[in-house]
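> work24.cif (mmCIF, N, CA and C atoms) pasted underneath:
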```cif
data_target
#
loop_
_atom_site.label_atom_id
_atom_site.label_comp_id
_atom_site.auth_asym_id
_atom_site.auth_seq_id
_atom_site.Cartn_x
_atom_site.Cartn_y
_atom_site.Cartn_z
N GLN A 252 -8.32 9.14 -16.38
CA GLN A 252 -8.58 8.75 -15.01
C GLN A 252 -7.89 7.42 -14.72
N VAL A 253 -7.32 7.32 -13.53
CA VAL A 253 -6.61 6.12 -13.12
C VAL A 253 -7.51 5.28 -12.24
N GLN A 254 -7.53 3.99 -12.50
CA GLN A 254 -8.26 3.06 -11.64
C GLN A 254 -7.25 2.15 -10.96
N LEU A 255 -7.49 1.89 -9.70
CA LEU A 255 -6.64 1.00 -8.92
C LEU A 255 -7.50 -0.12 -8.36
N GLU A 256 -7.02 -1.34 -8.50
CA GLU A 256 -7.77 -2.48 -7.99
C GLU A 256 -6.85 -3.36 -7.17
N GLU A 257 -7.18 -3.52 -5.90
CA GLU A 257 -6.39 -4.36 -5.00
C GLU A 257 -6.91 -5.79 -5.00
N SER A 258 -6.01 -6.70 -4.70
CA SER A 258 -6.38 -8.10 -4.53
C SER A 258 -5.38 -8.74 -3.59
N GLY A 259 -5.74 -9.92 -3.09
CA GLY A 259 -4.81 -10.70 -2.29
C GLY A 259 -5.08 -10.70 -0.80
N GLY A 260 -6.06 -9.93 -0.37
CA GLY A 260 -6.37 -9.95 1.05
C GLY A 260 -6.95 -11.29 1.48
N GLY A 261 -7.02 -11.50 2.77
CA GLY A 261 -7.57 -12.74 3.27
C GLY A 261 -7.27 -12.88 4.74
N SER A 262 -7.43 -14.09 5.21
CA SER A 262 -7.22 -14.40 6.62
C SER A 262 -5.99 -15.27 6.78
N VAL A 263 -5.19 -14.96 7.78
CA VAL A 263 -3.97 -15.70 8.01
C VAL A 263 -3.70 -15.72 9.50
N GLN A 264 -3.01 -16.73 9.95
CA GLN A 264 -2.63 -16.78 11.37
C GLN A 264 -1.42 -15.88 11.62
N ALA A 265 -1.33 -15.40 12.84
CA ALA A 265 -0.18 -14.59 13.21
C ALA A 265 1.11 -15.35 12.88
N GLY A 266 2.06 -14.61 12.31
CA GLY A 266 3.30 -15.23 11.88
C GLY A 266 3.29 -15.66 10.43
N GLY A 267 2.11 -15.65 9.83
CA GLY A 267 1.97 -16.06 8.44
C GLY A 267 2.25 -14.94 7.47
N SER A 268 1.97 -15.20 6.20
CA SER A 268 2.28 -14.25 5.14
C SER A 268 1.11 -14.07 4.19
N LEU A 269 1.03 -12.90 3.62
CA LEU A 269 0.07 -12.60 2.57
C LEU A 269 0.75 -11.69 1.56
N THR A 270 0.30 -11.79 0.33
CA THR A 270 0.80 -10.89 -0.70
C THR A 270 -0.37 -10.14 -1.32
N LEU A 271 -0.29 -8.83 -1.30
CA LEU A 271 -1.32 -7.98 -1.89
C LEU A 271 -0.82 -7.44 -3.22
N SER A 272 -1.73 -7.30 -4.15
CA SER A 272 -1.39 -6.71 -5.45
C SER A 272 -2.30 -5.55 -5.76
N CYS A 273 -1.77 -4.58 -6.47
CA CYS A 273 -2.53 -3.43 -6.91
C CYS A 273 -2.31 -3.27 -8.40
N ALA A 274 -3.38 -3.39 -9.15
CA ALA A 274 -3.31 -3.24 -10.60
C ALA A 274 -3.81 -1.86 -10.99
N ARG A 275 -3.01 -1.17 -11.74
CA ARG A 275 -3.35 0.20 -12.18
C ARG A 275 -3.75 0.18 -13.64
N SER A 276 -4.84 0.86 -13.95
CA SER A 276 -5.29 0.96 -15.34
C SER A 276 -5.82 2.36 -15.60
N GLY A 277 -6.06 2.66 -16.85
CA GLY A 277 -6.58 3.97 -17.21
C GLY A 277 -5.46 4.88 -17.68
N SER A 278 -5.65 6.16 -17.52
CA SER A 278 -4.69 7.13 -18.02
C SER A 278 -3.43 7.12 -17.16
N VAL A 279 -2.41 7.78 -17.64
CA VAL A 279 -1.14 7.82 -16.93
C VAL A 279 -1.31 8.59 -15.63
N THR A 280 -0.81 8.03 -14.55
CA THR A 280 -0.93 8.70 -13.27
C THR A 280 -0.10 9.97 -13.23
N ARG A 281 -0.61 10.96 -12.53
CA ARG A 281 0.08 12.25 -12.49
C ARG A 281 1.40 12.17 -11.74
N ARG A 282 1.45 11.30 -10.77
CA ARG A 282 2.65 11.27 -9.94
C ARG A 282 3.31 9.91 -10.04
N ASN A 283 4.47 9.80 -9.42
CA ASN A 283 5.35 8.68 -9.68
C ASN A 283 5.42 7.63 -8.60
N SER A 284 4.69 7.79 -7.53
CA SER A 284 4.79 6.82 -6.46
C SER A 284 3.46 6.11 -6.26
N MET A 285 3.57 4.88 -5.83
CA MET A 285 2.40 4.11 -5.44
C MET A 285 2.67 3.52 -4.07
N GLY A 286 1.64 3.38 -3.31
CA GLY A 286 1.85 2.89 -1.97
C GLY A 286 0.63 2.21 -1.39
N TRP A 287 0.78 1.76 -0.18
CA TRP A 287 -0.28 1.06 0.55
C TRP A 287 -0.54 1.75 1.88
N PHE A 288 -1.83 1.89 2.16
CA PHE A 288 -2.29 2.37 3.44
C PHE A 288 -3.10 1.28 4.11
N ARG A 289 -3.14 1.31 5.41
CA ARG A 289 -4.06 0.41 6.10
C ARG A 289 -4.90 1.21 7.07
N GLN A 290 -6.11 0.70 7.25
CA GLN A 290 -7.07 1.33 8.15
C GLN A 290 -7.64 0.26 9.05
N VAL A 291 -7.39 0.41 10.33
CA VAL A 291 -7.86 -0.55 11.32
C VAL A 291 -9.37 -0.37 11.49
N PRO A 292 -10.13 -1.45 11.59
CA PRO A 292 -11.58 -1.31 11.80
C PRO A 292 -11.89 -0.44 13.01
N GLY A 293 -12.81 0.48 12.84
CA GLY A 293 -13.17 1.39 13.92
C GLY A 293 -12.31 2.62 14.00
N ASN A 294 -11.25 2.67 13.22
CA ASN A 294 -10.36 3.84 13.23
C ASN A 294 -10.53 4.59 11.91
N LYS A 295 -10.75 5.87 11.97
CA LYS A 295 -10.99 6.65 10.76
C LYS A 295 -9.71 6.99 10.02
N VAL A 296 -8.57 6.85 10.69
CA VAL A 296 -7.32 7.29 10.10
C VAL A 296 -6.65 6.14 9.36
N ARG A 297 -6.17 6.45 8.17
CA ARG A 297 -5.37 5.49 7.42
C ARG A 297 -3.90 5.80 7.65
N GLU A 298 -3.12 4.74 7.74
CA GLU A 298 -1.68 4.88 7.94
C GLU A 298 -0.94 4.37 6.71
N GLY A 299 -0.02 5.16 6.20
CA GLY A 299 0.79 4.70 5.10
C GLY A 299 1.81 3.68 5.59
N VAL A 300 1.84 2.51 5.00
CA VAL A 300 2.76 1.47 5.46
C VAL A 300 3.94 1.28 4.53
N ALA A 301 3.76 1.50 3.23
CA ALA A 301 4.87 1.31 2.30
C ALA A 301 4.57 2.04 1.00
N ALA A 302 5.63 2.43 0.31
CA ALA A 302 5.48 3.09 -0.99
C ALA A 302 6.70 2.81 -1.83
N ILE A 303 6.53 2.99 -3.13
CA ILE A 303 7.64 2.78 -4.06
C ILE A 303 7.57 3.84 -5.15
N ASP A 304 8.73 4.38 -5.49
CA ASP A 304 8.82 5.29 -6.63
C ASP A 304 8.92 4.41 -7.87
N THR A 305 7.92 4.49 -8.73
CA THR A 305 7.88 3.58 -9.88
C THR A 305 8.93 3.92 -10.93
N ARG A 306 9.59 5.07 -10.81
CA ARG A 306 10.63 5.41 -11.77
C ARG A 306 11.94 4.70 -11.45
N ASN A 307 12.30 4.65 -10.18
CA ASN A 307 13.62 4.14 -9.83
C ASN A 307 13.59 3.02 -8.80
N GLY A 308 12.41 2.68 -8.31
CA GLY A 308 12.31 1.56 -7.38
C GLY A 308 12.66 1.90 -5.94
N VAL A 309 12.88 3.15 -5.62
CA VAL A 309 13.17 3.53 -4.24
C VAL A 309 11.94 3.23 -3.38
N THR A 310 12.18 2.61 -2.24
CA THR A 310 11.08 2.17 -1.38
C THR A 310 11.07 2.92 -0.05
N TYR A 311 9.91 2.96 0.53
CA TYR A 311 9.69 3.62 1.81
C TYR A 311 8.84 2.70 2.67
N TYR A 312 9.17 2.63 3.96
CA TYR A 312 8.43 1.76 4.87
C TYR A 312 8.17 2.48 6.19
N ALA A 313 7.01 2.20 6.74
CA ALA A 313 6.74 2.64 8.10
C ALA A 313 7.57 1.80 9.05
N ASP A 314 7.95 2.39 10.18
CA ASP A 314 8.77 1.65 11.15
C ASP A 314 8.08 0.37 11.60
N SER A 315 6.76 0.40 11.66
CA SER A 315 6.01 -0.75 12.17
C SER A 315 6.10 -1.97 11.25
N VAL A 316 6.51 -1.78 10.00
CA VAL A 316 6.54 -2.92 9.08
C VAL A 316 7.92 -3.18 8.50
N LYS A 317 8.89 -2.35 8.83
CA LYS A 317 10.25 -2.55 8.30
C LYS A 317 10.76 -3.92 8.65
N GLY A 318 11.37 -4.56 7.67
CA GLY A 318 11.92 -5.89 7.87
C GLY A 318 10.89 -7.00 7.71
N ARG A 319 9.62 -6.64 7.65
CA ARG A 319 8.58 -7.67 7.50
C ARG A 319 7.82 -7.53 6.18
N PHE A 320 7.61 -6.30 5.73
CA PHE A 320 6.89 -6.05 4.50
C PHE A 320 7.88 -5.66 3.41
N SER A 321 7.52 -6.02 2.17
CA SER A 321 8.36 -5.66 1.03
C SER A 321 7.46 -5.22 -0.13
N ILE A 322 7.74 -4.04 -0.67
CA ILE A 322 6.96 -3.53 -1.79
C ILE A 322 7.79 -3.59 -3.05
N SER A 323 7.15 -3.94 -4.14
CA SER A 323 7.84 -4.01 -5.42
C SER A 323 6.89 -3.57 -6.52
N ARG A 324 7.45 -3.28 -7.70
CA ARG A 324 6.59 -2.87 -8.79
C ARG A 324 6.99 -3.60 -10.07
N ASP A 325 6.03 -3.74 -10.94
CA ASP A 325 6.24 -4.29 -12.27
C ASP A 325 5.66 -3.26 -13.23
N ASN A 326 6.52 -2.42 -13.77
CA ASN A 326 6.03 -1.33 -14.61
C ASN A 326 5.40 -1.84 -15.90
N ALA A 327 5.89 -2.97 -16.38
CA ALA A 327 5.32 -3.52 -17.61
C ALA A 327 3.88 -3.97 -17.40
N GLU A 328 3.61 -4.46 -16.20
CA GLU A 328 2.26 -4.95 -15.90
C GLU A 328 1.44 -3.91 -15.15
N ASN A 329 2.05 -2.75 -14.83
CA ASN A 329 1.35 -1.71 -14.07
C ASN A 329 0.79 -2.24 -12.75
N THR A 330 1.62 -2.99 -12.06
CA THR A 330 1.19 -3.51 -10.77
C THR A 330 2.22 -3.20 -9.69
N VAL A 331 1.72 -3.08 -8.50
CA VAL A 331 2.57 -2.94 -7.32
C VAL A 331 2.16 -4.03 -6.34
N THR A 332 3.13 -4.68 -5.76
CA THR A 332 2.89 -5.81 -4.87
C THR A 332 3.42 -5.51 -3.49
N LEU A 333 2.67 -5.89 -2.49
CA LEU A 333 3.11 -5.76 -1.09
C LEU A 333 3.16 -7.16 -0.49
N GLU A 334 4.36 -7.62 -0.24
CA GLU A 334 4.55 -8.91 0.41
C GLU A 334 4.64 -8.68 1.90
N MET A 335 3.75 -9.33 2.64
CA MET A 335 3.68 -9.13 4.07
C MET A 335 4.05 -10.44 4.77
N ASN A 336 5.09 -10.40 5.55
CA ASN A 336 5.56 -11.58 6.28
C ASN A 336 5.49 -11.33 7.78
N SER A 337 5.55 -12.41 8.52
CA SER A 337 5.53 -12.32 9.99
C SER A 337 4.40 -11.42 10.47
N LEU A 338 3.22 -11.66 9.95
CA LEU A 338 2.09 -10.80 10.28
C LEU A 338 1.78 -10.87 11.77
N LYS A 339 1.43 -9.70 12.31
CA LYS A 339 1.17 -9.57 13.73
C LYS A 339 -0.29 -9.20 13.97
N PRO A 340 -0.74 -9.34 15.21
CA PRO A 340 -2.12 -8.94 15.52
C PRO A 340 -2.38 -7.46 15.25
N GLY A 341 -1.37 -6.63 15.16
CA GLY A 341 -1.55 -5.21 14.88
C GLY A 341 -1.62 -4.88 13.40
N ASP A 342 -1.49 -5.89 12.54
CA ASP A 342 -1.47 -5.65 11.10
C ASP A 342 -2.83 -5.71 10.40
N PRO A 343 -3.87 -6.26 11.00
CA PRO A 343 -5.11 -6.40 10.25
C PRO A 343 -5.74 -5.06 9.90
N GLY A 344 -6.63 -5.10 8.90
CA GLY A 344 -7.35 -3.91 8.50
C GLY A 344 -7.61 -3.93 7.02
N MET A 345 -8.19 -2.86 6.57
CA MET A 345 -8.38 -2.67 5.14
C MET A 345 -7.10 -2.07 4.58
N TYR A 346 -6.59 -2.66 3.54
CA TYR A 346 -5.39 -2.17 2.90
C TYR A 346 -5.78 -1.52 1.57
N TYR A 347 -5.38 -0.27 1.42
CA TYR A 347 -5.72 0.51 0.24
C TYR A 347 -4.48 0.84 -0.55
N CYS A 348 -4.59 0.72 -1.84
CA CYS A 348 -3.55 1.14 -2.75
C CYS A 348 -3.81 2.59 -3.16
N ALA A 349 -2.74 3.35 -3.34
CA ALA A 349 -2.90 4.75 -3.73
C ALA A 349 -1.73 5.19 -4.59
N THR A 350 -1.97 6.19 -5.40
CA THR A 350 -0.90 6.83 -6.16
C THR A 350 -0.70 8.23 -5.63
N GLY A 351 0.50 8.73 -5.75
CA GLY A 351 0.76 10.07 -5.27
C GLY A 351 2.22 10.45 -5.39
N GLY A 352 2.57 11.54 -4.76
CA GLY A 352 3.95 12.00 -4.74
C GLY A 352 4.43 12.17 -3.32
N PHE A 353 5.72 12.46 -3.19
CA PHE A 353 6.32 12.73 -1.88
C PHE A 353 5.97 11.67 -0.85
N PRO A 354 6.26 10.42 -1.12
CA PRO A 354 5.88 9.36 -0.18
C PRO A 354 6.52 9.49 1.19
N GLY A 355 7.65 10.15 1.27
CA GLY A 355 8.28 10.34 2.57
C GLY A 355 7.41 11.10 3.55
N LEU A 356 6.40 11.81 3.02
CA LEU A 356 5.51 12.59 3.88
C LEU A 356 4.35 11.76 4.42
N TRP A 357 4.00 10.68 3.75
CA TRP A 357 2.81 9.95 4.22
C TRP A 357 3.09 8.50 4.60
N VAL A 358 4.22 7.96 4.30
CA VAL A 358 4.55 6.63 4.80
C VAL A 358 4.87 6.75 6.29
N GLY A 359 4.17 5.97 7.08
CA GLY A 359 4.30 6.06 8.52
C GLY A 359 3.43 7.14 9.11
N SER A 360 2.58 7.72 8.27
CA SER A 360 1.73 8.81 8.71
C SER A 360 0.39 8.74 7.99
N ALA A 361 -0.41 9.77 8.17
CA ALA A 361 -1.72 9.83 7.54
C ALA A 361 -1.59 10.34 6.10
N PRO A 362 -2.65 10.14 5.30
CA PRO A 362 -2.63 10.64 3.93
C PRO A 362 -2.44 12.15 3.87
N THR A 363 -1.84 12.60 2.77
CA THR A 363 -1.66 14.04 2.55
C THR A 363 -2.33 14.43 1.24
N ALA A 364 -2.26 15.70 0.92
CA ALA A 364 -2.83 16.19 -0.32
C ALA A 364 -2.06 15.71 -1.54
N ALA A 365 -0.91 15.07 -1.32
CA ALA A 365 -0.10 14.59 -2.44
C ALA A 365 -0.58 13.26 -2.98
N LEU A 366 -1.68 12.75 -2.47
CA LEU A 366 -2.24 11.49 -2.95
C LEU A 366 -3.37 11.77 -3.91
N ASP A 367 -3.40 11.01 -5.00
CA ASP A 367 -4.34 11.31 -6.08
C ASP A 367 -5.46 10.30 -6.22
N GLU A 368 -5.11 9.05 -6.42
CA GLU A 368 -6.13 8.02 -6.65
C GLU A 368 -6.05 6.93 -5.58
N TRP A 369 -7.19 6.34 -5.31
CA TRP A 369 -7.30 5.28 -4.31
C TRP A 369 -8.04 4.09 -4.89
N GLY A 370 -7.65 2.90 -4.41
CA GLY A 370 -8.44 1.73 -4.71
C GLY A 370 -9.54 1.55 -3.67
N GLN A 371 -10.30 0.47 -3.84
CA GLN A 371 -11.44 0.22 -2.94
C GLN A 371 -11.01 -0.51 -1.67
N GLY A 372 -9.82 -1.08 -1.68
CA GLY A 372 -9.31 -1.74 -0.48
C GLY A 372 -9.50 -3.24 -0.51
N THR A 373 -8.66 -3.91 0.23
CA THR A 373 -8.76 -5.36 0.40
C THR A 373 -8.51 -5.66 1.87
N LEU A 374 -9.28 -6.58 2.42
CA LEU A 374 -9.28 -6.82 3.85
C LEU A 374 -8.24 -7.87 4.25
N VAL A 375 -7.49 -7.56 5.27
CA VAL A 375 -6.51 -8.49 5.84
C VAL A 375 -6.93 -8.80 7.27
N ILE A 376 -7.04 -10.07 7.57
CA ILE A 376 -7.41 -10.53 8.91
C ILE A 376 -6.27 -11.39 9.43
N VAL A 377 -5.83 -11.10 10.64
CA VAL A 377 -4.78 -11.89 11.28
C VAL A 377 -5.34 -12.48 12.55
N SER A 378 -5.37 -13.79 12.62
CA SER A 378 -5.90 -14.46 13.80
C SER A 378 -4.75 -14.88 14.71
N PRO A 379 -5.01 -14.95 16.00
CA PRO A 379 -3.94 -15.29 16.96
C PRO A 379 -3.35 -16.66 16.71
#
```
How does this structure look as structure tokens?

Amino acid sequence: QVQLEESGGGSVQAGGSLTLSCARSGSVTRRNSMGWFRQVPGNKVREGVAAIDTRNGVTYYADSVKGRFSISRDNAENTVTLEMNSLKPGDPGMYYCATGGFPGLWVGSAPTAALDEWGQGTLVIVSP
């Protein structure tokens, strides 16, 4: 079983930056991609914002975060990091780390059946 633990959430002013980390532990994940979803308070739908193929480093971004967010991985440490810059009022929410396959199907969209494990989430607050 794979466990995912997010960290790095917090409160920041609009235009500021935050870096989120996801630490993976346990058995080997079935699939090769890890990514981040966010869920706005009051909204039941999670949106995939970024993902990375841990085999080759290929990255995927939602249009809403392109040029502002950067995802990276450290395979030796089993971590994936999401660097968020130029944060906007539309960026706050719970950010969840997930493992899965076919990230092109869920980045910029809702979760699919290709997602396997989820973390508990970390909260990002952006103040005006």
> Using only C-alpha atoms, which of A:Ala313, A:Ala327, A:Val296, A:Leu338 sits nearest Gly267 of chain A?
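Closest to Gly267 of chain A, using only C-alpha atoms: A:Leu338.
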> Excluding Gly277 of chain A and any residue of its chain fewer than 5 positions from it, enumerate the residues within 8 Å of it, using all atoms listed in the file, and give them as a list in words.
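Near neighbours after the sequence-gap exclusion: Gln252, Val253, Gln254 and Leu255 of chain A.
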> One decimal, in Å: what's the spacing between atom C of Ser278 of chain A and atom N of Gly351 of chain A?
12.2 Å
> Identify all residues satisfying the PyMOL selection byres ((chain A and resi 329) around 6.5) in the given file; provide them as a list in words.
Cys273, Ala274, Arg275, Asp325, Asn326, Ala327, Glu328, Thr330 and Val331 of chain A
> If we count only C-alpha atoms and set the cut-off at 8 Å, which residues sit around segment 355-363 of chain A, ignoring sequence neighbours fewer than 6 positions away in its own chain? Please answer as a list in words.
Val296, Arg297, Glu298, Gly299, Val300, Ala301, Ala302, Tyr311, Tyr312, Ala313, Asp314 and Ser315 of chain A
> Please produce a file of the residues just selected, as a short mmCIF file (atom, residue, chain, number, x, y, z; two decimals), in the coordinates of the input, where the atoms kept are N, CA and C atoms.

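The resulting file, again07.cif, is shown below:
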```
data_model
loop_
_atom_site.label_atom_id
_atom_site.label_comp_id
_atom_site.auth_asym_id
_atom_site.auth_seq_id
_atom_site.Cartn_x
_atom_site.Cartn_y
_atom_site.Cartn_z
N VAL A 296 -8.57 6.85 10.69
CA VAL A 296 -7.32 7.29 10.10
C VAL A 296 -6.65 6.14 9.36
N ARG A 297 -6.17 6.45 8.17
CA ARG A 297 -5.37 5.49 7.42
C ARG A 297 -3.90 5.80 7.65
N GLU A 298 -3.12 4.74 7.74
CA GLU A 298 -1.68 4.88 7.94
C GLU A 298 -0.94 4.37 6.71
N GLY A 299 -0.02 5.16 6.20
CA GLY A 299 0.79 4.70 5.10
C GLY A 299 1.81 3.68 5.59
N VAL A 300 1.84 2.51 5.00
CA VAL A 300 2.76 1.47 5.46
C VAL A 300 3.94 1.28 4.53
N ALA A 301 3.76 1.50 3.23
CA ALA A 301 4.87 1.31 2.30
C ALA A 301 4.57 2.04 1.00
N ALA A 302 5.63 2.43 0.31
CA ALA A 302 5.48 3.09 -0.99
C ALA A 302 6.70 2.81 -1.83
N TYR A 311 9.91 2.96 0.53
CA TYR A 311 9.69 3.62 1.81
C TYR A 311 8.84 2.70 2.67
N TYR A 312 9.17 2.63 3.96
CA TYR A 312 8.43 1.76 4.87
C TYR A 312 8.17 2.48 6.19
N ALA A 313 7.01 2.20 6.74
CA ALA A 313 6.74 2.64 8.10
C ALA A 313 7.57 1.80 9.05
N ASP A 314 7.95 2.39 10.18
CA ASP A 314 8.77 1.65 11.15
C ASP A 314 8.08 0.37 11.60
N SER A 315 6.76 0.40 11.66
CA SER A 315 6.01 -0.75 12.17
C SER A 315 6.10 -1.97 11.25
#
```
> Taking the file as shown, what set of residues would the PyMOL selection byres ((chain A and resi 256-259) around 6.5) give back, as a list of chain:residue names?
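Evaluating the PyMOL selection byres ((chain A and resi 256-259) around 6.5) on these coordinates yields A:Gln254, A:Leu255, A:Gly260, A:Gly261, A:Leu269, A:Thr270, A:Leu271, A:Ser272, A:Cys273, A:Ala274, A:Arg275, A:Ser276, A:Cys348, A:Gly370, A:Gln371, A:Gly372, A:Thr373.
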> Could you please write out, as a VMD selection string, every residue of chain A that DSSP assigns to strand (DSSP E or B)?
chain A and resid 253 to 258 261 to 264 269 to 277 284 to 290 298 to 304 310 to 312 320 to 325 330 to 335 344 to 351 358 366 to 369 373 to 378
> Need the shell around Ser337 of chain A: protein/DNA/RNA residues with any atom at most 8 Å away, counting all atoms listed in the file. Skip same-chain ones fewer than 5 positions apart. Format as a list of chain:residue names?
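So, after excluding close chain neighbours, the residues are A:Gln264, A:Ala265, A:Gly266, A:Gly267, A:Ser268, A:Leu269, A:Gly318, A:Arg319, A:Phe320.
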> Kindly resolve the PyMOL selection byres (((chain A and resi 341-345 and name CA) around 7) and name CA) on the present coordinates and return the residues as an MDAnalysis selection string.
chainID A and resid 289:292 338:340 346:347 372:377
> For atom C of Ser262 of chain A and atom N of Ser378 of chain A, determine how far apart the two atoms are, in Å to one decimal place.
6.1 Å
> What does the structure give for the distance between atom N of Ala349 of chain A and atom CA of Met335 of chain A, in Å to one decimal?
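Value for the atom N of Ala349 of chain A-atom CA of Met335 of chain A distance: 15.9 Å.
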> Quick one: of A:Arg324, A:Asp367, A:Glu334, A:Phe288, who's nearest to Gly308 of chain A, counting only C-alpha atoms?
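For Gly308 of chain A, the nearest of the given residues is A:Arg324.
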